>>> print(open('target11.cif').read())   # mmCIF, C-alpha atoms and all ligand atoms
data_coords
#
loop_
_atom_site.label_atom_id
_atom_site.label_comp_id
_atom_site.auth_asym_id
_atom_site.auth_seq_id
_atom_site.Cartn_x
_atom_site.Cartn_y
_atom_site.Cartn_z
CA MET A 128 -10.92 21.16 18.69
CA ASP A 129 -13.21 19.93 15.94
CA GLU A 130 -11.27 17.39 13.84
CA ASN A 131 -12.65 19.02 10.67
CA ASN A 132 -10.57 22.09 11.51
CA ILE A 133 -7.19 20.30 11.47
CA ILE A 134 -6.61 20.33 7.69
CA PRO A 135 -7.76 23.94 7.06
CA MET A 136 -5.67 25.07 10.05
CA LEU A 137 -2.52 23.40 8.68
CA LYS A 138 -3.19 24.75 5.18
CA GLN A 139 -3.47 28.26 6.64
CA ILE A 140 -0.16 27.82 8.49
CA LYS A 141 1.49 26.71 5.25
CA SER A 142 0.05 29.61 3.25
CA LEU A 143 1.12 32.22 5.83
CA SER A 144 4.72 31.17 6.47
CA SER A 145 7.53 28.93 5.33
CA ALA A 146 9.43 26.01 6.86
CA PRO A 147 10.71 25.28 9.41
CA TYR A 148 7.37 25.59 11.24
CA LYS A 149 6.86 25.22 14.97
CA LEU A 150 3.56 23.76 16.14
CA GLU A 151 2.89 23.91 19.88
CA ILE A 152 -0.10 22.06 21.30
CA GLN A 153 -1.38 23.64 24.51
CA GLY A 154 -4.29 22.82 26.79
CA GLY A 155 -5.89 22.55 29.27
CA GLU A 156 -4.05 19.27 29.16
CA PRO A 157 -3.27 18.01 25.63
CA LEU A 158 -2.56 14.45 26.79
CA LEU A 159 -6.27 14.10 27.68
CA ARG A 160 -6.89 13.95 23.88
CA PHE A 161 -3.72 12.29 22.73
CA ASP A 162 -5.59 10.77 19.78
CA LEU A 163 -6.25 14.31 18.50
CA VAL A 164 -2.62 15.31 19.07
CA GLN A 165 -1.54 12.31 16.95
CA LYS A 166 -4.00 13.27 14.20
CA ILE A 167 -2.64 16.83 14.07
CA TYR A 168 0.91 15.44 13.81
CA ASP A 169 -0.02 12.95 11.06
CA LYS A 170 -1.82 15.61 8.99
CA ALA A 171 1.09 18.02 9.51
CA VAL A 172 3.44 15.43 7.99
CA ILE A 173 1.19 15.33 4.88
CA ILE A 174 0.55 19.08 4.57
CA LEU A 175 3.74 20.71 5.89
CA GLY A 176 6.08 17.84 5.02
CA GLU A 177 8.13 15.40 7.07
CA GLY A 178 11.07 17.12 8.76
CA GLN A 179 9.62 20.57 8.03
CA PHE A 180 8.23 21.25 11.50
CA GLU A 181 8.98 20.92 15.18
CA PHE A 182 6.10 19.62 17.29
CA VAL A 183 5.92 20.69 20.95
CA ILE A 184 3.41 19.31 23.45
CA ALA A 185 2.97 21.66 26.45
CA THR A 186 1.81 19.40 29.26
CA SER A 187 1.86 18.88 33.02
CA LEU A 188 3.08 15.29 32.21
CA SER A 189 0.57 13.96 34.76
CA LEU A 190 -1.05 11.73 32.08
CA LEU A 191 2.12 10.69 30.25
CA LYS A 192 2.04 6.99 29.24
CA ASP A 193 4.79 4.73 27.89
CA GLU A 194 2.91 4.25 24.59
CA MET A 195 3.00 8.03 24.02
CA LEU A 196 6.78 7.96 24.28
CA VAL A 197 6.96 4.98 21.90
CA TRP A 198 4.89 7.02 19.41
CA ALA A 199 7.09 10.11 19.85
CA ARG A 200 10.31 8.19 19.27
CA SER A 201 11.85 8.93 15.86
CA LYS A 202 9.55 11.93 15.40
CA SER A 203 10.41 15.60 15.86
CA VAL A 204 8.30 15.75 19.04
CA HIS A 205 9.31 17.70 22.14
CA PHE A 206 7.64 18.14 25.51
CA SER A 207 7.43 21.37 27.47
CA THR A 208 6.41 21.35 31.12
CA SER A 209 6.25 23.66 34.13
CA ILE A 210 8.49 23.29 37.17
CA ASP A 211 7.67 26.06 39.64
CA GLY A 212 9.86 25.02 42.55
CA SER A 213 10.70 21.96 44.60
CA HIS A 214 8.05 19.52 45.79
CA VAL A 215 6.11 21.72 48.23
CA ILE A 216 6.29 24.97 46.25
CA HIS A 217 5.41 23.37 42.91
CA ASN A 218 2.46 21.48 44.41
CA SER A 219 1.14 24.64 46.08
CA HIS A 220 0.87 26.29 42.63
CA ARG A 221 0.07 23.30 40.37
CA ILE A 222 -2.77 21.71 42.26
CA LEU A 223 -3.74 18.28 40.95
CA ARG A 224 -6.86 16.80 42.49
CA GLY A 225 -5.91 13.44 44.03
CA GLY A 226 -2.35 13.59 42.68
CA ASP A 227 1.16 14.81 43.35
CA SER A 228 1.85 17.15 40.43
CA PHE A 229 5.58 17.55 41.21
CA GLU A 230 6.22 13.83 41.47
CA LEU A 231 4.37 13.17 38.19
CA ALA A 232 6.25 15.96 36.38
CA LYS A 233 9.56 14.63 37.77
CA ARG A 234 8.82 11.06 36.68
CA GLY A 235 7.67 12.30 33.26
CA ILE A 236 10.88 14.30 32.72
CA GLU A 237 13.01 11.30 33.70
CA LYS A 238 11.10 9.00 31.32
CA ILE A 239 11.30 11.43 28.40
CA ARG A 240 15.03 11.89 28.89
CA GLN A 241 15.54 8.11 29.01
CA CYS A 242 13.35 7.30 25.99
CA LEU A 243 13.79 10.33 23.72
CA GLY A 244 16.98 12.04 24.89
CA ASP A 245 17.88 15.01 27.06
CA SER A 246 16.89 17.66 24.51
CA SER A 247 13.32 16.33 24.14
CA VAL A 248 12.00 18.01 27.29
CA ALA A 249 12.21 21.64 28.40
CA THR A 250 10.86 23.38 31.49
CA VAL A 251 9.36 26.79 32.19
CA THR A 252 9.35 28.26 35.70
CA THR A 253 6.76 30.86 36.65
CA VAL A 254 7.94 32.63 39.81
CA THR A 255 5.12 32.73 42.33
CA ASN A 256 5.12 34.48 45.71
CA ALA A 257 5.93 31.12 47.28
CA LEU A 258 9.17 30.83 45.28
CA LEU A 259 10.36 34.47 45.64
CA SER A 260 12.39 33.77 48.81
CA TYR A 261 13.89 30.50 47.55
CA PRO A 262 15.92 30.91 44.35
CA GLU A 263 18.27 28.14 45.49
CA ASP A 264 15.27 25.82 45.57
CA ILE A 265 14.47 26.07 41.85
CA VAL A 266 18.13 25.77 40.84
CA ALA A 267 18.67 22.66 43.02
CA THR A 268 15.47 21.11 41.63
CA HIS A 269 16.66 21.51 38.03
CA ILE A 270 20.13 20.15 38.89
CA GLN A 271 18.59 17.15 40.66
CA LEU A 272 16.42 16.46 37.60
CA GLY A 273 19.59 16.40 35.47
CA LEU A 274 18.43 19.36 33.36
CA LYS A 275 20.88 21.66 31.57
CA ASP A 276 18.44 24.52 30.91
CA ILE A 277 16.11 26.63 33.03
CA PHE A 278 13.68 29.33 31.85
CA VAL A 279 12.52 31.66 34.64
CA ARG A 280 9.91 34.37 34.19
CA PRO A 281 7.78 36.55 36.47
CA VAL A 282 4.09 35.85 36.78
CA SER A 283 2.23 37.86 34.11
CA PRO A 284 -0.45 40.48 34.87
CA TYR A 285 -2.94 38.15 33.15
CA GLY A 286 -2.23 35.64 35.93
CA PHE A 287 -3.31 38.15 38.59
CA ALA A 288 -6.82 38.19 37.23
CA ASN A 289 -7.03 34.43 37.54
CA ASN A 290 -5.89 34.15 41.14
CA ASN A 291 -7.39 37.26 42.75
CA GLY A 292 -3.99 38.92 42.92
CA THR A 293 -2.55 36.41 45.43
CA ASP A 294 0.59 36.05 43.30
CA GLU A 295 1.01 39.74 42.70
CA TYR A 296 4.44 41.16 43.57
CA ASP A 297 6.38 44.02 42.14
CA ILE A 298 9.26 43.74 39.71
CA THR A 299 11.84 44.95 42.26
CA GLU A 300 11.00 41.87 44.36
CA PHE A 301 11.34 39.67 41.29
CA MET A 302 14.69 41.25 40.37
CA SER A 303 16.15 40.70 43.83
CA PHE A 304 15.09 37.02 43.49
CA TYR A 305 16.59 36.92 40.00
CA GLU A 306 19.91 38.52 41.03
CA ARG A 307 20.27 35.87 43.75
CA LEU A 308 19.36 33.18 41.22
CA LEU A 309 22.17 34.29 38.87
CA THR A 310 24.66 34.27 41.76
CA ILE A 311 23.60 30.74 42.73
CA LEU A 312 23.85 29.60 39.08
CA SER A 313 27.38 31.05 38.88
CA LYS A 314 28.41 29.09 41.99
CA TYR A 315 27.11 25.84 40.50
CA HIS A 316 28.73 26.84 37.19
CA ARG A 317 32.14 27.16 38.83
CA TYR A 318 31.92 23.53 40.01
CA GLY A 319 30.81 22.15 36.64
CA ASN A 320 27.01 22.09 37.08
CA LYS A 321 26.23 24.29 34.09
CA LEU A 322 22.60 25.34 33.96
CA VAL A 323 21.74 27.96 31.30
CA GLU A 324 18.97 30.44 32.18
CA HIS A 325 17.12 31.37 29.01
CA SER A 326 15.48 34.68 29.99
CA ALA A 327 18.97 36.14 30.50
CA LEU A 328 20.22 34.51 27.31
CA ILE A 329 17.34 35.99 25.26
CA HIS A 330 18.11 39.50 26.58
CA ILE A 331 21.84 39.09 25.83
CA LYS A 332 21.12 37.82 22.32
CA ARG A 333 18.94 40.85 21.65
CA ILE A 334 21.79 43.16 22.71
CA LEU A 335 24.53 41.38 20.80
CA ASN A 336 22.72 40.22 17.69
CA ALA A 337 20.65 42.77 15.77
CA GLU A 338 19.07 40.00 13.71
CA TYR A 339 17.87 37.91 16.65
CA SER A 340 14.11 38.30 16.79
CA GLY A 341 12.83 34.92 17.93
CA TYR A 342 11.23 36.22 21.13
CA ALA A 343 7.85 37.90 20.64
CA ASP A 344 8.07 40.15 23.74
CA LEU A 345 11.25 41.83 22.52
CA LYS A 346 9.97 42.81 19.08
CA SER A 347 8.97 46.19 17.75
CA PRO A 348 6.58 46.25 15.99
CA SER A 349 5.02 43.71 18.30
CA GLY A 350 5.17 39.97 17.58
CA VAL A 351 1.37 39.73 17.73
CA VAL A 352 0.31 37.93 14.52
CA LEU A 353 3.80 38.50 13.05
CA ASN A 354 5.50 35.94 15.34
CA SER A 355 2.75 33.48 16.10
CA LEU A 356 -0.86 32.49 15.63
CA VAL A 357 -3.08 30.76 18.16
CA PHE A 358 -5.78 28.40 16.82
CA ASN A 359 -8.19 28.10 19.71
CA TYR A 360 -10.20 24.97 20.56
CA ASP A 361 -13.42 26.76 19.54
CA GLY A 362 -12.08 27.45 16.04
CA ARG A 363 -11.23 31.12 16.60
CA ILE A 364 -7.78 32.44 15.63
CA TYR A 365 -5.76 34.91 17.73
CA GLY A 366 -2.54 36.82 17.08
CA SER A 367 -1.00 35.63 20.35
CA ASP A 368 -1.83 33.84 23.57
CA GLU A 369 -2.17 37.25 25.23
CA ALA A 370 -4.85 38.23 22.67
CA ARG A 371 -6.65 34.98 23.48
CA MET A 372 -6.52 35.83 27.20
CA LEU A 373 -7.82 39.33 26.53
CA GLN A 374 -10.78 37.74 24.77
CA LYS A 375 -11.43 35.57 27.82
CA SER A 376 -11.64 38.54 30.16
CA ASN A 377 -13.49 40.80 27.66
CA PRO A 378 -16.02 38.55 25.92
CA LYS A 379 -17.98 41.45 24.41
CA ILE A 380 -15.04 42.74 22.29
CA ASP A 381 -13.71 40.69 19.36
CA PHE A 382 -9.92 40.27 19.67
CA SER A 383 -9.80 37.44 17.12
CA LEU A 384 -8.72 37.10 13.51
CA GLY A 385 -11.95 35.33 12.64
CA THR A 386 -12.28 31.57 12.60
CA ILE A 387 -10.37 28.71 10.98
CA GLN A 388 -13.25 28.31 8.51
CA SER A 389 -13.52 32.05 7.89
CA PRO A 390 -10.20 33.80 8.70
CA GLN A 391 -9.89 37.61 8.70
CA PHE A 392 -6.13 38.09 8.48
CA LYS A 393 -6.27 41.15 6.24
CA ASN A 394 -9.24 43.05 7.64
CA SER A 395 -9.04 42.60 11.41
CA GLN A 396 -9.22 46.19 12.67
CA PHE A 397 -8.06 45.16 16.12
CA HIS A 398 -4.82 43.67 14.84
CA GLN A 399 -4.15 46.46 12.36
CA SER A 400 -4.53 48.99 15.15
CA VAL A 401 -2.44 46.95 17.61
CA ILE A 402 0.46 46.41 15.20
CA SER A 403 0.48 50.00 13.92
CA GLN A 404 0.65 51.29 17.51
CA SER A 405 3.40 48.93 18.60
CA PHE A 406 6.46 50.69 17.12
CA SER A 407 8.25 51.44 20.40
CA LEU A 408 10.48 54.04 18.70
CA SER A 409 7.49 56.38 18.73
CA HIS A 410 6.22 55.54 22.24
CA PRO A 411 6.51 58.20 24.96
CA GLY A 412 9.21 56.92 27.32
CA CYS A 413 10.74 54.53 24.78
CA TYR A 414 11.96 56.94 22.14
CA HIS A 415 14.70 58.28 24.44
CA CYS A 416 15.38 54.99 26.27
CA ALA A 417 18.86 53.46 25.88
CA PHE A 418 17.34 50.00 25.60
CA GLN A 419 14.83 50.79 22.86
CA PRO A 420 16.83 49.09 20.05
CA TYR A 421 16.73 45.78 21.98
CA CYS A 422 13.33 46.09 23.63
CA GLY A 423 9.83 45.39 22.33
CA ALA A 424 6.18 46.23 22.78
CA ASP A 425 3.37 44.27 24.35
CA PRO A 426 0.15 45.96 23.20
CA CYS A 427 -2.08 43.23 24.62
CA GLN A 428 -0.61 43.64 28.11
CA ASN A 429 -1.09 47.43 27.77
CA ILE A 430 -4.74 46.96 26.76
CA SER A 431 -5.21 44.62 29.70
CA VAL A 432 -3.62 47.04 32.23
CA PHE A 433 -4.15 50.55 30.73
CA GLY A 434 -7.09 50.00 28.37
CA GLU A 435 -5.10 51.05 25.28
CA PRO A 436 -2.14 49.55 23.33
CA VAL A 437 0.70 52.03 24.08
CA GLY A 438 0.56 52.22 27.88
CA ASP A 439 2.30 54.46 30.41
CA LYS A 440 5.92 53.24 30.57
CA SER A 441 6.46 54.81 34.02
CA LEU A 442 3.81 52.44 35.40
CA SER A 443 4.36 49.49 33.06
CA ARG A 444 5.40 46.15 34.54
CA PHE A 445 6.60 45.08 31.08
CA CYS A 446 8.91 48.13 30.96
CA GLN A 447 10.16 47.69 34.55
CA TYR A 448 10.98 44.02 33.94
CA HIS A 449 12.84 44.40 30.64
CA LYS A 450 14.66 47.58 31.70
CA SER A 451 15.82 45.85 34.90
CA MET A 452 16.94 42.76 32.97
CA PHE A 453 18.97 44.78 30.46
CA LYS A 454 20.60 46.82 33.27
CA LEU A 455 21.44 43.76 35.37
CA ILE A 456 22.93 41.83 32.48
CA LEU A 457 24.96 44.72 31.08
CA ASN A 458 26.33 45.50 34.57
CA HIS A 459 27.58 41.93 34.99
CA LEU A 460 28.97 41.74 31.46
CA HIS A 461 30.81 45.03 32.06
CA LYS A 462 32.21 44.01 35.47
CA GLU A 463 33.19 40.54 34.22
CA ASP A 464 32.49 39.14 37.68
CA ASP A 465 31.54 35.47 38.16
CA VAL A 466 28.01 36.09 36.82
CA GLY A 467 29.33 38.14 33.88
CA LEU A 468 31.84 35.42 32.92
CA MET A 469 29.07 32.80 33.11
CA LEU A 470 26.83 34.94 30.87
CA LYS A 471 29.66 35.28 28.34
CA GLU A 472 30.19 31.52 28.34
CA TRP A 473 26.45 31.01 27.64
CA VAL A 474 26.76 33.21 24.57
CA TYR A 475 30.16 32.27 23.22
CA GLY A 476 30.40 28.69 24.56
S1 LIG B 1 12.76 49.50 28.69
FE1 LIG B 1 10.77 50.54 28.87
S2 LIG B 1 11.11 52.61 28.12
FE2 LIG B 1 12.86 51.34 27.44
S3 LIG B 1 12.26 50.65 25.40
FE3 LIG B 1 11.64 49.06 26.82
S4 LIG B 1 9.49 49.53 27.33
FE4 LIG B 1 10.39 51.38 26.40
#
>>> encode(input="target11.cif", output="structure tokens")
Amino acid sequence: MDENNIIPMLKQIKSLSSAPYKLEIQGGEPLLRFDLVQKIYDKAVIILGEGQFEFVIATSLSLLKDEMLVWARSKSVHFSTSIDGSHVIHNSHRILRGGDSFELAKRGIEKIRQCLGDSSVATVTTVTNALLSYPEDIVATHIQLGLKDIFVRPVSPYGFANNNGTDEYDITEFMSFYERLLTILSKYHRYGNKLVEHSALIHIKRILNAEYSGYADLKSPSGVVLNSLVFNYDGRIYGSDEARMLQKSNPKIDFSLGTIQSPQFKNSQFHQSVISQSFSLSHPGCYHCAFQPYCGADPCQNISVFGEPVGDKSLSRFCQYHKSMFKLILNHLHKEDDVGLMLKEWVYG
């Protein structure tokens, strides 16, 4: 990113929302330009105000240095990293030329926890084909790393385009993995190893708390633009990371909200059309669905798969995933079996 864009970007963030702000720096690999990351943080302190924002660096941790942790100490800086399985499975997905990506991520997590505290690092797990048969593997890896939280999600349809479909699987396969994962978590839970899975927690919060709307996927109208903005390295602004990915695969159509120097928040036809067509209450399939009050809309995924923002719910991966999650969770909560009791403890403590 051009350094001249940092101040206008932060001023736009301030003019569009109110504190507390959340700034997430994503790459590529942000630690390659740690000097720029520091500049963004320093300017954010001036423009947004000290203590008014959370600062998250999404990184593989492969380039983490001790001096970065010294800098992060006493600041509201968090790290987010991917753990996609144990050693072999993670390395088969996160290929690092000349390096061991799992070992570097593991060492990075340990260092962050030692220097900044347990809550300063969070993980995200993308379930690849290689992990589908081994739910116990990802749970054991998180326990061994001393983590208290795990966030598991299926690979997105955008990912298929990037890997020639080699990680494509259907949602029923994912759900059988996920059901086993919850059972394994409940067994650990019974013996005091309490690991909270955040995809389940997000779905439960949506059911139990009408005001909970922190998760862009489960919002109607869609969270595009309304929940987040992406300031791209080339100066263009997008309403979500999915909109940015759409742009990548469709370079001839403009999915942006203009540029940092010349934003088009009010007159972007693409975003007006996407938001106005993302009220799931009026979508065929959704309007009579029991889960509609808790569910959301993902117009960018629908454009990517169906070529238009509403989509066919009978064929939609988004619909299959969220419907299956709601059903699974409500079944366990109703039965109050070991998984159901664990889910209740996650919500009520
Ligand atoms: S589960 Fe499917 S049909 Fe039901 S509201 Fe969500 S997207 Fe619509």
>>> residues_near_ligand(input="target11.cif", ligand="ligand LIG 1 (chain B)", cutoff="7 Å", atoms="all atoms listed in the file", output="JSON, numbers by chain")
{"A": [407, 412, 413, 416, 417, 418, 419, 422, 423, 424, 440, 445, 446, 447, 449, 450]}
>>> residues_around(input="target11.cif", residues="Gly244 in chain A", least_positions_apart="3", cutoff="12 Å", atoms="all atoms listed in the file", output="VMD selection string")
chain A and resid 196 199 to 201 203 to 206 236 to 241 247 to 249 273 to 274
>>> atom_distance(input="target11.cif", atom1="CA of Ser431 in chain A", atom2="CA of Ile380 in chain A")
12.5 Å
>>> closest_residue(input="target11.cif", among="A:Ser189, A:Ser213, A:Asn336, A:Ser349", to="Ile402 in chain A", atoms="only C-alpha atoms")
A:Ser349
>>> atom_distance(input="target11.cif", atom1="CA of Val164 in chain A", atom2="CA of Asp211 in chain A")
25.4 Å
>>> atom_distance(input="target11.cif", atom1="CA of Tyr261 in chain A", atom2="CA of Ser443 in chain A")
25.7 Å
>>> residues_around(input="target11.cif", residues="Asn359 in chain A", least_positions_apart="4", cutoff="12 Å", atoms="all atoms listed in the file", output="VMD selection string")
chain A and resid 128 to 129 132 to 133 136 151 to 155 363 to 368 370 to 372 374 to 375 383 to 387
>>> residues_around(input="target11.cif", residues="Ala146 in chain A", least_positions_apart="4", cutoff="8 Å", atoms="all atoms listed in the file", output="list in words")
Leu175, Gln179 and Phe180 of chain A
>>> closest_residue(input="target11.cif", among="A:Tyr414, A:Tyr318, A:Tyr305, A:Phe182", to="Met452 in chain A", atoms="all atoms listed in the file")
A:Tyr305
>>> residues_around(input="target11.cif", residues="Lys314 in chain A", least_positions_apart="5", cutoff="9 Å", atoms="all atoms listed in the file", output="MDAnalysis selection string")
chainID A and resid 309 320 465:466
>>> closest_residue(input="target11.cif", among="A:Asp344, A:Phe392, A:Leu328, A:Gly438", to="Lys471 in chain A", atoms="all atoms listed in the file")
A:Leu328
>>> closest_residue(input="target11.cif", among="A:Asp439, A:Glu338, A:Asp264, A:Asp361", to="Leu308 in chain A", atoms="all atoms listed in the file")
A:Asp264
>>> build_atoms(input="target11.cif", residues="range 362-390 of chain A", atoms="N, CA and C atoms", output="PDB file, keeping the file's coordinate frame")
ATOM      1  N   GLY A 362     -12.197  27.119  17.455  1.00  0.00           N
ATOM      2  CA  GLY A 362     -12.080  27.450  16.040  1.00  0.00           C
ATOM      3  C   GLY A 362     -11.676  28.896  15.785  1.00  0.00           C
ATOM      4  N   ARG A 363     -11.631  29.731  16.826  1.00  0.00           N
ATOM      5  CA  ARG A 363     -11.230  31.120  16.600  1.00  0.00           C
ATOM      6  C   ARG A 363      -9.704  31.225  16.538  1.00  0.00           C
ATOM      7  N   ILE A 364      -9.229  32.233  15.809  1.00  0.00           N
ATOM      8  CA  ILE A 364      -7.780  32.440  15.630  1.00  0.00           C
ATOM      9  C   ILE A 364      -7.391  33.742  16.345  1.00  0.00           C
ATOM     10  N   TYR A 365      -6.264  33.702  17.055  1.00  0.00           N
ATOM     11  CA  TYR A 365      -5.760  34.910  17.730  1.00  0.00           C
ATOM     12  C   TYR A 365      -4.310  35.173  17.327  1.00  0.00           C
ATOM     13  N   GLY A 366      -3.903  36.431  17.465  1.00  0.00           N
ATOM     14  CA  GLY A 366      -2.540  36.820  17.080  1.00  0.00           C
ATOM     15  C   GLY A 366      -1.498  36.441  18.119  1.00  0.00           C
ATOM     16  N   SER A 367      -1.932  36.063  19.298  1.00  0.00           N
ATOM     17  CA  SER A 367      -1.000  35.630  20.350  1.00  0.00           C
ATOM     18  C   SER A 367      -1.829  35.039  21.498  1.00  0.00           C
ATOM     19  N   ASP A 368      -1.121  34.393  22.417  1.00  0.00           N
ATOM     20  CA  ASP A 368      -1.830  33.840  23.570  1.00  0.00           C
ATOM     21  C   ASP A 368      -2.396  34.962  24.433  1.00  0.00           C
ATOM     22  N   GLU A 369      -1.697  36.107  24.436  1.00  0.00           N
ATOM     23  CA  GLU A 369      -2.170  37.250  25.230  1.00  0.00           C
ATOM     24  C   GLU A 369      -3.488  37.781  24.647  1.00  0.00           C
ATOM     25  N   ALA A 370      -3.596  37.788  23.304  1.00  0.00           N
ATOM     26  CA  ALA A 370      -4.850  38.230  22.670  1.00  0.00           C
ATOM     27  C   ALA A 370      -5.982  37.263  23.039  1.00  0.00           C
ATOM     28  N   ARG A 371      -5.641  35.981  23.087  1.00  0.00           N
ATOM     29  CA  ARG A 371      -6.650  34.980  23.480  1.00  0.00           C
ATOM     30  C   ARG A 371      -7.110  35.219  24.918  1.00  0.00           C
ATOM     31  N   MET A 372      -6.153  35.582  25.794  1.00  0.00           N
ATOM     32  CA  MET A 372      -6.520  35.830  27.200  1.00  0.00           C
ATOM     33  C   MET A 372      -7.344  37.108  27.340  1.00  0.00           C
ATOM     34  N   LEU A 373      -7.015  38.107  26.506  1.00  0.00           N
ATOM     35  CA  LEU A 373      -7.820  39.330  26.530  1.00  0.00           C
ATOM     36  C   LEU A 373      -9.278  39.017  26.186  1.00  0.00           C
ATOM     37  N   GLN A 374      -9.435  38.126  25.191  1.00  0.00           N
ATOM     38  CA  GLN A 374     -10.780  37.740  24.770  1.00  0.00           C
ATOM     39  C   GLN A 374     -11.551  37.093  25.929  1.00  0.00           C
ATOM     40  N   LYS A 375     -10.812  36.281  26.698  1.00  0.00           N
ATOM     41  CA  LYS A 375     -11.430  35.570  27.820  1.00  0.00           C
ATOM     42  C   LYS A 375     -11.980  36.550  28.850  1.00  0.00           C
ATOM     43  N   SER A 376     -11.186  37.608  29.126  1.00  0.00           N
ATOM     44  CA  SER A 376     -11.640  38.540  30.160  1.00  0.00           C
ATOM     45  C   SER A 376     -12.545  39.644  29.610  1.00  0.00           C
ATOM     46  N   ASN A 377     -12.619  39.780  28.265  1.00  0.00           N
ATOM     47  CA  ASN A 377     -13.490  40.800  27.660  1.00  0.00           C
ATOM     48  C   ASN A 377     -14.349  40.172  26.571  1.00  0.00           C
ATOM     49  N   PRO A 378     -15.296  39.322  26.938  1.00  0.00           N
ATOM     50  CA  PRO A 378     -16.020  38.550  25.920  1.00  0.00           C
ATOM     51  C   PRO A 378     -16.844  39.399  24.942  1.00  0.00           C
ATOM     52  N   LYS A 379     -17.130  40.651  25.300  1.00  0.00           N
ATOM     53  CA  LYS A 379     -17.980  41.450  24.410  1.00  0.00           C
ATOM     54  C   LYS A 379     -17.198  42.099  23.261  1.00  0.00           C
ATOM     55  N   ILE A 380     -15.860  42.145  23.366  1.00  0.00           N
ATOM     56  CA  ILE A 380     -15.040  42.740  22.290  1.00  0.00           C
ATOM     57  C   ILE A 380     -14.404  41.597  21.504  1.00  0.00           C
ATOM     58  N   ASP A 381     -14.306  41.752  20.172  1.00  0.00           N
ATOM     59  CA  ASP A 381     -13.710  40.690  19.360  1.00  0.00           C
ATOM     60  C   ASP A 381     -12.225  40.957  19.164  1.00  0.00           C
ATOM     61  N   PHE A 382     -11.368  40.130  19.805  1.00  0.00           N
ATOM     62  CA  PHE A 382      -9.920  40.270  19.670  1.00  0.00           C
ATOM     63  C   PHE A 382      -9.372  39.249  18.674  1.00  0.00           C
ATOM     64  N   SER A 383     -10.249  38.551  17.958  1.00  0.00           N
ATOM     65  CA  SER A 383      -9.800  37.440  17.120  1.00  0.00           C
ATOM     66  C   SER A 383      -9.509  37.872  15.696  1.00  0.00           C
ATOM     67  N   LEU A 384      -8.935  36.923  14.952  1.00  0.00           N
ATOM     68  CA  LEU A 384      -8.720  37.100  13.510  1.00  0.00           C
ATOM     69  C   LEU A 384      -9.714  36.235  12.765  1.00  0.00           C
ATOM     70  N   GLY A 385     -10.929  36.168  13.269  1.00  0.00           N
ATOM     71  CA  GLY A 385     -11.950  35.330  12.640  1.00  0.00           C
ATOM     72  C   GLY A 385     -11.810  33.879  13.079  1.00  0.00           C
ATOM     73  N   THR A 386     -12.305  32.986  12.251  1.00  0.00           N
ATOM     74  CA  THR A 386     -12.280  31.570  12.600  1.00  0.00           C
ATOM     75  C   THR A 386     -11.453  30.791  11.570  1.00  0.00           C
ATOM     76  N   ILE A 387     -11.146  29.544  11.909  1.00  0.00           N
ATOM     77  CA  ILE A 387     -10.370  28.710  10.980  1.00  0.00           C
ATOM     78  C   ILE A 387     -11.129  28.585   9.656  1.00  0.00           C
ATOM     79  N   GLN A 388     -12.452  28.444   9.738  1.00  0.00           N
ATOM     80  CA  GLN A 388     -13.250  28.310   8.510  1.00  0.00           C
ATOM     81  C   GLN A 388     -13.395  29.648   7.796  1.00  0.00           C
ATOM     82  N   SER A 389     -13.317  30.753   8.522  1.00  0.00           N
ATOM     83  CA  SER A 389     -13.520  32.050   7.890  1.00  0.00           C
ATOM     84  C   SER A 389     -12.529  33.080   8.462  1.00  0.00           C
ATOM     85  N   PRO A 390     -11.232  32.933   8.109  1.00  0.00           N
ATOM     86  CA  PRO A 390     -10.200  33.800   8.700  1.00  0.00           C
ATOM     87  C   PRO A 390     -10.288  35.241   8.195  1.00  0.00           C
TER      88      PRO A 390
END
